[in-house]
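Asker: Contents of structure.txt (compact mmCIF, C-alpha atoms) are given next:
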```
# COMPACT_ATOMS: atom_id res chain seq x y z
CA MET A 1 0.00 0.00 0.00
CA GLU A 2 2.80 2.36 0.99
CA HIS A 3 4.48 1.58 -2.30
CA ILE A 4 1.37 2.20 -4.40
CA ASN A 5 0.95 5.51 -2.63
CA LEU A 6 4.57 6.49 -3.25
CA PHE A 7 4.25 5.49 -6.91
CA ILE A 8 1.07 7.49 -7.46
CA SER A 9 2.40 10.53 -5.67
CA SER A 10 5.64 10.54 -7.67
CA VAL A 11 3.74 10.20 -10.94
CA PHE A 12 1.12 12.86 -10.33
CA VAL A 13 1.76 15.04 -7.28
CA ASN A 14 5.55 15.33 -7.37
CA ASN A 15 5.81 15.04 -11.13
CA MET A 16 9.43 15.58 -12.18
CA VAL A 17 8.47 17.96 -14.97
CA PHE A 18 5.54 19.89 -13.60
CA ALA A 19 6.45 20.22 -9.94
CA TYR A 20 10.26 20.43 -10.10
CA PHE A 21 10.98 21.46 -13.71
CA LEU A 22 13.50 18.67 -14.09
CA GLY A 23 14.50 17.36 -17.50
CA MET A 24 13.07 20.42 -19.19
CA CYS A 25 15.68 20.73 -21.92
CA SER A 26 15.10 17.37 -23.53
CA TYR A 27 11.43 17.62 -22.61
CA LEU A 28 11.02 20.69 -24.79
CA ALA A 29 13.41 19.63 -27.54
CA VAL A 30 12.21 16.07 -28.21
CA SER A 31 8.47 16.54 -27.77
CA LYS A 32 7.75 17.45 -31.38
CA THR A 33 6.34 14.07 -32.39
CA VAL A 34 4.72 11.36 -30.30
CA LYS A 35 6.95 8.66 -31.73
CA THR A 36 10.32 10.07 -30.66
CA SER A 37 8.93 11.22 -27.35
CA VAL A 38 7.79 7.68 -26.54
CA GLY A 39 11.35 6.53 -27.25
CA LEU A 40 12.92 9.16 -25.03
CA GLY A 41 10.32 8.60 -22.31
CA LEU A 42 11.05 4.87 -22.25
CA ALA A 43 14.79 5.50 -22.15
CA VAL A 44 14.35 7.84 -19.19
CA VAL A 45 12.14 5.36 -17.30
CA PHE A 46 14.69 2.62 -17.91
CA VAL A 47 17.79 4.61 -16.94
CA MET A 48 16.09 6.05 -13.86
CA PHE A 49 14.84 2.68 -12.69
CA ILE A 50 18.39 1.33 -12.83
CA THR A 51 20.40 4.28 -11.55
CA ILE A 52 18.32 5.42 -8.56
CA PRO A 53 18.45 2.08 -6.68
CA ILE A 54 22.17 1.76 -7.48
CA ASN A 55 22.78 5.25 -6.20
CA TYR A 56 20.68 4.43 -3.15
CA LEU A 57 22.98 1.52 -2.33
CA MET A 58 26.06 3.72 -2.91
CA GLU A 59 24.65 6.34 -0.61
CA LYS A 60 23.78 3.79 2.08
CA TYR A 61 26.96 1.71 2.05
CA LEU A 62 29.63 4.15 0.89
CA LEU A 63 28.87 7.82 1.20
CA ARG A 64 26.68 8.61 4.19
CA GLU A 65 28.29 9.46 7.53
CA GLY A 66 29.10 6.18 9.25
CA ALA A 67 28.16 4.21 6.13
CA LEU A 68 31.57 2.58 5.94
CA ALA A 69 31.12 0.92 9.36
CA TRP A 70 30.39 -2.40 7.63
CA LEU A 71 33.99 -2.47 6.36
CA SER A 72 35.68 -1.92 9.67
CA PRO A 73 34.68 -0.14 12.86
CA GLN A 74 37.56 2.31 12.46
CA LEU A 75 35.86 3.83 9.44
CA ALA A 76 32.61 4.53 11.26
CA GLY A 77 33.37 8.24 11.55
CA VAL A 78 34.13 8.80 7.86
CA ASP A 79 31.69 11.07 6.02
CA LEU A 80 32.06 10.99 2.26
CA SER A 81 28.77 12.66 1.44
CA PHE A 82 30.54 15.56 -0.29
CA LEU A 83 31.51 13.05 -2.97
CA SER A 84 27.91 12.14 -3.74
CA PHE A 85 27.52 14.44 -6.78
CA ILE A 86 30.50 13.00 -8.56
CA MET A 87 29.65 9.39 -7.68
CA PHE A 88 26.04 9.74 -8.80
CA ILE A 89 26.94 11.31 -12.11
CA ALA A 90 29.58 8.64 -12.74
CA VAL A 91 27.02 5.86 -12.21
CA ILE A 92 24.54 7.65 -14.46
CA ALA A 93 27.05 8.27 -17.25
CA ALA A 94 28.16 4.64 -17.17
CA MET A 95 24.59 3.34 -17.27
CA VAL A 96 23.68 5.65 -20.14
CA GLN A 97 26.64 4.37 -22.12
CA LEU A 98 25.38 0.82 -21.53
CA VAL A 99 21.82 1.65 -22.55
CA GLU A 100 23.14 3.36 -25.66
CA MET A 101 25.04 0.24 -26.71
CA VAL A 102 22.03 -2.01 -26.05
CA VAL A 103 19.67 0.21 -28.04
CA GLU A 104 22.14 0.52 -30.91
CA LYS A 105 22.40 -3.28 -31.09
CA PHE A 106 18.74 -4.20 -30.80
CA SER A 107 16.85 -1.27 -32.30
CA PRO A 108 18.83 0.78 -34.81
CA ALA A 109 15.64 2.60 -35.85
CA LEU A 110 15.05 3.86 -32.31
CA TYR A 111 18.77 4.64 -32.03
CA ASN A 112 18.61 6.86 -35.09
CA ALA A 113 15.37 8.47 -33.99
CA LEU A 114 16.80 9.42 -30.60
CA GLY A 115 20.04 10.64 -32.14
CA ILE A 116 21.97 13.02 -29.92
CA PHE A 117 19.41 12.77 -27.13
CA LEU A 118 20.42 9.35 -25.96
CA PRO A 119 23.89 10.42 -24.79
CA LEU A 120 22.29 13.59 -23.49
CA ILE A 121 20.19 11.53 -21.09
CA ALA A 122 23.38 11.42 -19.04
CA VAL A 123 22.94 15.13 -18.49
CA ASN A 124 19.16 14.99 -18.23
CA CYS A 125 18.50 16.78 -14.97
CA ALA A 126 15.56 14.50 -14.23
CA ILE A 127 17.89 11.55 -13.77
CA LEU A 128 20.45 13.22 -11.51
CA GLY A 129 17.59 15.09 -9.84
CA GLY A 130 15.88 11.79 -9.09
CA SER A 131 19.01 10.56 -7.36
CA LEU A 132 19.42 13.79 -5.40
CA PHE A 133 15.79 13.75 -4.27
CA MET A 134 16.29 10.12 -3.26
CA GLN A 135 19.22 11.26 -1.12
CA GLU A 136 17.20 14.09 0.39
CA ARG A 137 14.12 12.00 1.20
CA GLU A 138 16.10 9.25 2.97
CA PHE A 139 14.09 6.20 1.92
CA ALA A 140 14.11 3.27 4.34
CA THR A 141 14.70 0.44 1.87
CA VAL A 142 16.07 -0.02 -1.61
CA TRP A 143 12.60 -1.17 -2.76
CA GLU A 144 11.11 2.13 -1.77
CA SER A 145 13.74 3.95 -3.82
CA ALA A 146 12.99 1.65 -6.77
CA THR A 147 9.28 2.48 -6.51
CA PHE A 148 10.12 6.15 -6.39
CA ALA A 149 12.34 5.73 -9.47
CA ALA A 150 9.64 3.92 -11.42
CA GLY A 151 7.06 6.53 -10.47
CA SER A 152 9.26 9.49 -11.37
CA GLY A 153 10.27 7.94 -14.67
CA PHE A 154 6.69 7.15 -15.56
CA GLY A 155 5.69 10.71 -14.63
CA PHE A 156 8.24 12.03 -17.11
CA PHE A 157 7.01 9.57 -19.75
CA LEU A 158 3.42 10.68 -19.25
CA ALA A 159 4.35 14.35 -19.39
CA ILE A 160 6.44 14.14 -22.55
CA VAL A 161 4.00 11.96 -24.49
CA SER A 162 1.03 14.15 -23.65
CA LEU A 163 2.92 17.33 -24.57
CA ALA A 164 3.98 15.78 -27.87
CA ALA A 165 0.37 14.86 -28.62
CA ILE A 166 -0.71 18.47 -28.03
CA ARG A 167 2.15 19.86 -30.12
CA GLU A 168 1.26 17.63 -33.04
CA LYS A 169 -2.19 19.19 -33.06
CA ILE A 170 -1.12 22.77 -32.42
CA LYS A 171 0.78 22.82 -35.72
CA TYR A 172 -2.59 23.39 -37.40
CA SER A 173 -3.61 26.40 -35.34
CA ASP A 174 -2.81 30.01 -36.03
CA VAL A 175 -0.39 31.05 -33.29
CA PRO A 176 0.96 34.66 -33.23
CA ALA A 177 4.27 34.62 -35.09
CA PRO A 178 6.65 35.54 -32.23
CA LEU A 179 5.01 32.94 -30.01
CA ARG A 180 5.32 30.16 -32.57
CA GLY A 181 7.32 27.08 -31.56
CA LEU A 182 9.07 27.60 -28.26
CA GLY A 183 6.91 30.36 -26.79
CA ILE A 184 3.57 28.61 -27.11
CA THR A 185 5.14 25.40 -25.84
CA PHE A 186 6.15 27.10 -22.62
CA ILE A 187 2.66 28.44 -22.10
CA LEU A 188 1.22 24.99 -22.89
CA VAL A 189 3.46 23.36 -20.30
CA GLY A 190 2.41 26.05 -17.82
CA LEU A 191 -1.25 25.20 -18.37
CA MET A 192 -0.51 21.49 -18.07
CA ALA A 193 1.34 22.15 -14.81
CA MET A 194 -1.72 24.02 -13.53
CA ALA A 195 -3.86 21.01 -14.38
CA PHE A 196 -1.47 18.71 -12.57
CA MET A 197 -1.68 20.95 -9.49
CA GLY A 198 -5.19 19.56 -9.13
CA PHE A 199 -3.60 16.33 -7.88
CA MET A 200 -2.03 18.10 -4.90
CA GLY A 201 -2.66 16.26 -1.63
CA PHE A 202 -3.93 13.25 -3.55
CA LYS A 203 -3.68 9.96 -1.62
CA ILE A 204 -5.07 6.46 -1.83
CA MET B 1 45.18 44.53 -23.95
CA SER B 2 43.30 45.90 -26.91
CA GLN B 3 43.75 42.55 -28.58
CA LEU B 4 42.18 40.79 -25.61
CA PHE B 5 39.04 42.87 -25.99
CA SER B 6 38.87 43.02 -29.76
CA SER B 7 35.42 43.37 -31.28
CA SER B 8 35.07 39.66 -32.04
CA ASN B 9 35.93 38.86 -28.43
CA VAL B 10 33.47 41.39 -27.06
CA LYS B 11 30.84 39.81 -29.28
CA LEU B 12 31.41 36.54 -27.43
CA LEU B 13 30.36 38.34 -24.26
CA THR B 14 27.39 40.27 -25.64
CA ASN B 15 25.87 37.86 -28.15
CA PRO B 16 24.53 35.45 -25.51
CA LEU B 17 22.73 38.35 -23.88
CA ASN B 18 20.44 38.80 -26.83
CA GLN B 19 20.75 37.03 -30.20
CA GLU B 20 22.04 33.74 -28.79
CA ASN B 21 20.51 33.81 -25.36
CA PRO B 22 20.96 30.40 -23.76
CA ILE B 23 17.42 30.24 -22.39
CA THR B 24 15.18 31.94 -24.92
CA VAL B 25 17.03 30.96 -28.10
CA GLN B 26 19.26 27.95 -27.44
CA VAL B 27 16.70 26.42 -25.00
CA LEU B 28 19.36 25.29 -22.56
CA GLY B 29 19.32 25.28 -18.78
CA ILE B 30 15.59 25.72 -18.39
CA CYS B 31 15.16 23.46 -15.37
CA SER B 32 17.10 25.52 -12.88
CA ALA B 33 15.98 28.80 -14.41
CA LEU B 34 12.39 27.98 -13.53
CA ALA B 35 12.90 26.34 -10.18
CA VAL B 36 14.98 28.95 -8.36
CA THR B 37 13.08 32.05 -9.40
CA VAL B 38 10.51 32.32 -6.61
CA GLN B 39 12.62 35.06 -5.03
CA MET B 40 15.44 37.33 -6.12
CA LYS B 41 18.06 36.19 -3.62
CA PRO B 42 18.29 32.50 -4.57
CA ALA B 43 18.11 33.55 -8.22
CA LEU B 44 21.12 35.85 -7.73
CA VAL B 45 23.13 33.16 -5.95
CA MET B 46 22.23 30.59 -8.59
CA ALA B 47 23.10 32.91 -11.48
CA LEU B 48 26.44 33.74 -9.89
CA SER B 49 27.28 30.09 -9.25
CA VAL B 50 26.40 29.07 -12.80
CA THR B 51 28.41 31.93 -14.31
CA ILE B 52 31.49 31.08 -12.26
CA VAL B 53 31.25 27.34 -12.91
CA MET B 54 30.69 27.91 -16.60
CA GLY B 55 33.56 30.37 -17.01
CA VAL B 56 36.06 28.21 -15.16
CA ALA B 57 34.89 24.94 -16.75
CA ASN B 58 35.13 26.49 -20.21
CA LEU B 59 38.66 27.68 -19.41
CA ILE B 60 39.81 24.29 -18.08
CA ILE B 61 38.29 22.26 -20.91
CA SER B 62 39.74 24.67 -23.44
CA LEU B 63 43.20 24.24 -21.93
CA LEU B 64 42.80 20.46 -22.04
CA ARG B 65 41.06 20.33 -25.42
CA ASN B 66 44.00 18.82 -27.33
CA THR B 67 44.67 16.11 -24.76
CA ILE B 68 41.13 14.81 -24.20
CA PRO B 69 40.41 11.66 -26.24
CA PRO B 70 37.13 12.30 -28.10
CA ARG B 71 35.56 9.02 -27.00
CA ILE B 72 35.52 9.84 -23.32
CA ARG B 73 35.11 13.60 -23.54
CA ILE B 74 31.66 13.66 -21.91
CA ILE B 75 32.97 11.91 -18.81
CA VAL B 76 35.97 14.27 -18.63
CA GLN B 77 33.69 17.29 -18.99
CA LEU B 78 31.33 15.97 -16.33
CA VAL B 79 34.18 15.35 -13.91
CA VAL B 80 35.49 18.89 -14.38
CA ILE B 81 32.02 20.38 -13.90
CA ALA B 82 31.21 18.14 -10.94
CA THR B 83 34.42 19.11 -9.17
CA LEU B 84 33.68 22.80 -9.61
CA VAL B 85 30.08 22.32 -8.46
CA ILE B 86 31.23 20.47 -5.34
CA LEU B 87 33.47 23.47 -4.55
CA VAL B 88 30.58 25.89 -5.06
CA ASP B 89 28.26 23.72 -2.98
CA GLN B 90 30.72 23.52 -0.07
CA ILE B 91 31.30 27.29 -0.18
CA LEU B 92 27.54 27.99 -0.18
CA LYS B 93 27.02 25.58 2.71
CA ALA B 94 29.76 27.32 4.68
CA PHE B 95 28.86 30.96 4.07
CA LEU B 96 25.23 31.11 2.88
CA TYR B 97 23.61 28.16 4.62
CA ASP B 98 19.99 29.34 4.40
CA VAL B 99 20.20 30.05 0.68
CA SER B 100 21.89 26.72 0.07
CA LYS B 101 19.04 24.97 1.91
CA GLU B 102 16.55 26.87 -0.24
CA LEU B 103 18.27 25.89 -3.47
CA SER B 104 18.43 22.28 -2.19
CA VAL B 105 19.12 19.89 -5.06
CA PHE B 106 19.44 22.61 -7.64
CA VAL B 107 23.04 23.41 -6.75
CA GLY B 108 23.91 19.80 -7.51
CA LEU B 109 21.90 20.01 -10.67
CA ILE B 110 24.28 22.66 -12.05
CA ILE B 111 26.30 19.58 -13.06
CA THR B 112 23.62 18.57 -15.51
CA ASN B 113 22.72 22.11 -16.46
CA CYS B 114 22.63 21.76 -20.21
CA ILE B 115 24.05 25.26 -20.80
CA ILE B 116 27.39 24.31 -19.33
CA LEU B 117 27.79 21.00 -21.13
CA GLY B 118 26.38 22.54 -24.30
CA ARG B 119 28.93 25.35 -24.28
CA LEU B 120 31.77 22.97 -23.47
CA GLU B 121 30.83 20.78 -26.43
CA ALA B 122 30.03 23.57 -28.84
CA PHE B 123 32.69 26.12 -27.94
CA ALA B 124 35.43 25.21 -25.49
CA MET B 125 36.39 21.97 -27.28
CA SER B 126 37.42 23.94 -30.35
CA ASN B 127 38.50 27.39 -29.19
CA LYS B 128 41.35 29.07 -27.34
CA PRO B 129 41.23 29.51 -23.54
CA TRP B 130 40.65 33.29 -23.39
CA GLN B 131 37.78 33.20 -25.89
CA SER B 132 36.31 30.24 -24.05
CA LEU B 133 36.42 32.07 -20.73
CA LEU B 134 34.62 35.03 -22.31
CA ASP B 135 32.05 32.75 -23.92
CA GLY B 136 31.40 31.04 -20.60
CA ILE B 137 30.92 34.32 -18.75
CA GLY B 138 28.79 35.75 -21.54
CA ASN B 139 26.45 32.78 -21.53
CA GLY B 140 26.33 32.92 -17.74
CA LEU B 141 25.21 36.55 -17.93
CA GLY B 142 22.65 35.76 -20.60
CA TYR B 143 21.26 33.10 -18.30
CA ALA B 144 21.40 35.49 -15.35
CA TRP B 145 19.31 38.29 -16.81
CA ILE B 146 16.44 36.00 -17.73
CA LEU B 147 16.59 34.62 -14.19
CA PHE B 148 16.43 38.12 -12.76
CA VAL B 149 13.46 39.17 -14.86
CA VAL B 150 11.47 36.06 -14.00
CA ALA B 151 12.40 36.25 -10.31
CA PHE B 152 11.57 39.97 -10.17
CA PHE B 153 8.02 39.47 -11.44
CA ARG B 154 7.41 36.34 -9.39
CA GLU B 155 8.62 37.90 -6.15
CA PHE B 156 7.05 41.30 -6.76
CA LEU B 157 3.61 40.06 -7.79
CA GLY B 158 3.65 36.92 -5.67
CA SER B 159 4.81 38.23 -2.31
CA GLY B 160 5.04 41.99 -2.84
CA THR B 161 8.72 42.19 -1.96
CA PHE B 162 11.99 43.06 -3.68
CA PHE B 163 15.05 41.18 -2.40
CA GLY B 164 12.98 40.47 0.71
CA TYR B 165 12.22 44.18 1.26
CA PRO B 166 8.43 44.67 1.57
CA VAL B 167 7.96 47.36 -1.07
CA LEU B 168 4.20 47.16 -1.41
CA GLU B 169 3.66 47.17 2.35
CA LYS B 170 5.74 50.34 2.72
CA ILE B 171 3.79 52.10 -0.03
CA GLY B 172 0.62 51.09 1.77
CA LEU B 173 -1.00 49.34 -1.18
CA TYR B 174 -2.56 46.66 0.99
CA GLN B 175 -4.84 49.17 2.74
CA THR B 176 -6.50 49.90 -0.57
CA GLY B 177 -7.53 46.27 -0.88
CA TYR B 178 -4.67 44.94 -3.03
CA VAL B 179 -3.95 41.23 -2.58
CA ASN B 180 -0.83 39.29 -3.60
CA ASN B 181 -1.28 36.86 -6.45
CA GLY B 182 -0.47 33.52 -4.82
CA LEU B 183 -0.35 31.71 -8.16
CA MET B 184 2.86 33.59 -9.01
CA ILE B 185 4.79 31.58 -6.43
CA LEU B 186 3.60 28.24 -7.81
CA PRO B 187 5.46 26.40 -10.62
CA PRO B 188 3.05 27.00 -13.56
CA MET B 189 3.52 30.77 -13.59
CA ALA B 190 7.28 30.44 -14.04
CA LEU B 191 6.67 28.59 -17.30
CA ILE B 192 4.10 31.08 -18.50
CA LEU B 193 6.38 34.01 -17.61
CA VAL B 194 9.25 32.54 -19.62
CA GLY B 195 6.79 32.01 -22.47
CA VAL B 196 5.86 35.67 -22.32
CA ILE B 197 9.52 36.74 -22.20
CA ILE B 198 10.17 34.69 -25.33
CA TRP B 199 7.15 36.32 -26.95
CA VAL B 200 8.38 39.84 -26.18
CA HIS B 201 11.98 39.00 -27.12
CA ARG B 202 10.97 37.60 -30.50
CA SER B 203 8.64 40.48 -31.24
CA PHE B 204 11.72 42.71 -31.13
CA ASN B 205 14.00 40.22 -32.91
CA LYS B 206 12.06 39.23 -35.99
CA SER B 207 14.96 37.05 -37.18
CA LEU B 208 14.36 34.63 -34.31
CA ILE B 209 10.76 33.84 -35.23
CA GLU B 210 10.39 30.14 -36.06
CA SER B 211 9.05 29.15 -39.44
CA LYS B 212 5.82 27.22 -39.57
```
Can you dump the structure from the file as structure tokens?
Answerer:
Amino acid sequence: MEHINLFISSVFVNNMVFAYFLGMCSYLAVSKTVKTSVGLGLAVVFVMFITIPINYLMEKYLLREGALAWLSPQLAGVDLSFLSFIMFIAVIAAMVQLVEMVVEKFSPALYNALGIFLPLIAVNCAILGGSLFMQEREFATVWESATFAAGSGFGFFLAIVSLAAIREKIKYSDVPAPLRGLGITFILVGLMAMAFMGFMGFKI
Amino acid sequence: MSQLFSSSNVKLLTNPLNQENPITVQVLGICSALAVTVQMKPALVMALSVTIVMGVANLIISLLRNTIPPRIRIIVQLVVIATLVILVDQILKAFLYDVSKELSVFVGLIITNCIILGRLEAFAMSNKPWQSLLDGIGNGLGYAWILFVVAFFREFLGSGTFFGYPVLEKIGLYQTGYVNNGLMILPPMALILVGVIIWVHRSFNKSLIESK
């Protein structure tokens, strides 16, 4: 039950895009067609679901103050938490490289469609942001962090696919020239964020 | 000296302010620009941190550009940025603890701020150190002014203050029945404000209007 609640709240209430503005760059750049946005959304879900639990274990057994006590009692006082940024980003960059190789091997079409954005997932703020929020919220178990990862990733997927669907339709409307493209997209995302605010305080 | 500030070098500083603005034209670094703009003070600290990190990272990568193997350049760039961000984070924690708490994860997210990596890839990897430093600072300033404009409107209309100073209360506007617009503090308005800034910016720069 706890897990379902956490999942729902990270999809809707604490949506990575609408509540924290994470992953905006690729969110705006790749959401022109539904097809590519589904690809990017899936890649984000996948990378997040792998990296956040790994980073959780790193945080718990390597970085936190006293985390090294399992190695030897002398190390109980060591606090490596200032290294967390660099460790998290290293894990993420390595995982992205792996995902890139897998996608290139098994789905060249998707690989070509994603183009530059696959390596850029490494610098997608949503992924590092997910890990940093995981650190801040101090989950009790690795399963909880995995649920959080799945929920956040799915929230991003939902957001990018729905924006792409709207943008495909808005091509046919008569938008004021200076607002065309980027400007109207920002306002659209703002309105979507307002709609998502309706989920605030939502619980099962 | 005159060579250091030749017109093409000055352009590197001023172009990102307008024609090649990182936020409104290159669409880079949006995440942090929206999240830290509820008030002026965190926006100022964030803009300063990003400018410094970007300038120094551009300089370092430019100095190393001939020795970095192309295959692993992203990792090298990330390590350089992450090191600088850790320094900034520790300094903020030591001297500006309340602001650093307010910025929370967004200081760490400077690492993945697409402006920095974008400029390293697009500029520092192929240009000389001095130009790269200027380009980094210029893009930092271009990022900063958008941040200031958004933060100014959100703080002024949302809580009636300017840098925490209660302007509207001092004028006595509240007695006349004026109420703060609470929506300004919430996330959606940041997006809409940036949309409006882009609208205004492109109305003045017709060349930036996107084709249909």
Asker: Please, which residues of chain B lie no more than 6 Å from chain A when the count uses all atoms listed in the file, and can they be set out as a list in words?
Answerer: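 Using all atoms listed in the file, chain B residues at most 6 Å from chain A: Leu28, Ile30, Cys31, Ala82, Thr112, Pro188, Leu191, Ile192, Gly195, Ile198, Trp199, Arg202, Ser203 and Ile209 of chain B.
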Asker: When you look at Leu59 in chain B with a cut-off of 6 Å (counting only C-alpha atoms), what residues show up, excluding the ones that are within fewer than 5 positions of it in the same chain? I need them as a ChimeraX atom specification.
Answerer: /B:129,132-133
Asker: Place a sphere of radius 10 Å on (5.8, 7.8, -12.5) in the file coordinates and name every protein, DNA or RNA residue with an atom inside or on its surface, counting only C-alpha atoms; give the answer as a PyMOL selection string.
Answerer: chain A and resi 6-16+45+147-159
Asker: Please report the interatomic distance between CA of Gly198 in chain A and CA of Met189 in chain B in Å with one decimal.
Answerer: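 So the answer is 14.9 Å.
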Asker: Skip Leu92 in chain B itself and residues of its chain fewer than 3 positions away, then list as a list in words all residues within 12 Å of it, counting all atoms listed in the file.
Answerer: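 Using all atoms listed in the file, the neighbours found are Pro42, Val45, Met46, Leu48, Ser49, Val85, Ile86, Leu87, Val88, Asp89, Phe95, Leu96, Tyr97, Asp98, Val99, Ser100, Lys101, Glu102, Leu103, Ser104, Val107 and Gly108 of chain B.
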Asker: Mind giving me the straight-line distance from CA of Val142 in chain A to CA of Arg64 in chain A in Å, one decimal?
Answerer: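 Computing it gives 14.9 Å between the two atoms.
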Asker: Mind pulling up the distance from CA of Gly55 in chain B to CA of Ile110 in chain B?
Answerer: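 Straight-line distance from CA of Ile110 in chain B to CA of Gly55 in chain B works out to 13.0 Å.
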Asker: Counting all atoms listed in the file, which residue out of B:Leu34, B:Ile72, B:Leu208, B:Ile116 sits closest to Ile137 in chain B?
Answerer: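 The shortest atom-to-atom distance to Ile137 in chain B comes from B:Ile116.
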Asker: Write out as an MDAnalysis selection string the residues lying within 9 Å of Phe46 in chain A, counting all atoms listed in the file and excluding same-chain residues fewer than 3 positions away.
Answerer: chainID A and resid 41:43 49:51 99 150 153
Asker: Emit the selected residues as a compact mmCIF listing (two decimals), in the frame of the given file, including C-alpha atoms.
Answerer:
```txt
# COMPACT_ATOMS: atom_id res chain seq x y z
CA GLY A 41 10.32 8.60 -22.31
CA LEU A 42 11.05 4.87 -22.25
CA ALA A 43 14.79 5.50 -22.15
CA PHE A 49 14.84 2.68 -12.69
CA ILE A 50 18.39 1.33 -12.83
CA THR A 51 20.40 4.28 -11.55
CA VAL A 99 21.82 1.65 -22.55
CA ALA A 150 9.64 3.92 -11.42
CA GLY A 153 10.27 7.94 -14.67
```
Asker: Please provide as a list in words all residues within 10 Å of Lys11 in chain B, with the sequence filter that same-chain residues fewer than 6 positions apart are discarded (counting all atoms listed in the file).
Answerer: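 Listed by chain and then number, they are Phe5, Leu17, Leu134, Asp135 and Gly138 of chain B.
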Asker: Nearest to Thr67 in chain B among B:Val196, B:Met125, B:Met54, B:Ala190, with distances taken over all atoms listed in the file: which residue is it?
Answerer: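 With all atoms listed in the file as the atom set, the closest residue is B:Met125.
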Asker: Out of B:Asn18, B:Thr37, B:Gln26, B:Ser159, which residue has the shortest atom-to-atom distance to Leu193 in chain B when counting all atoms listed in the file?
Answerer: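 Of B:Asn18, B:Thr37, B:Gln26, B:Ser159, the one nearest Leu193 in chain B is B:Thr37, counting all atoms listed in the file.
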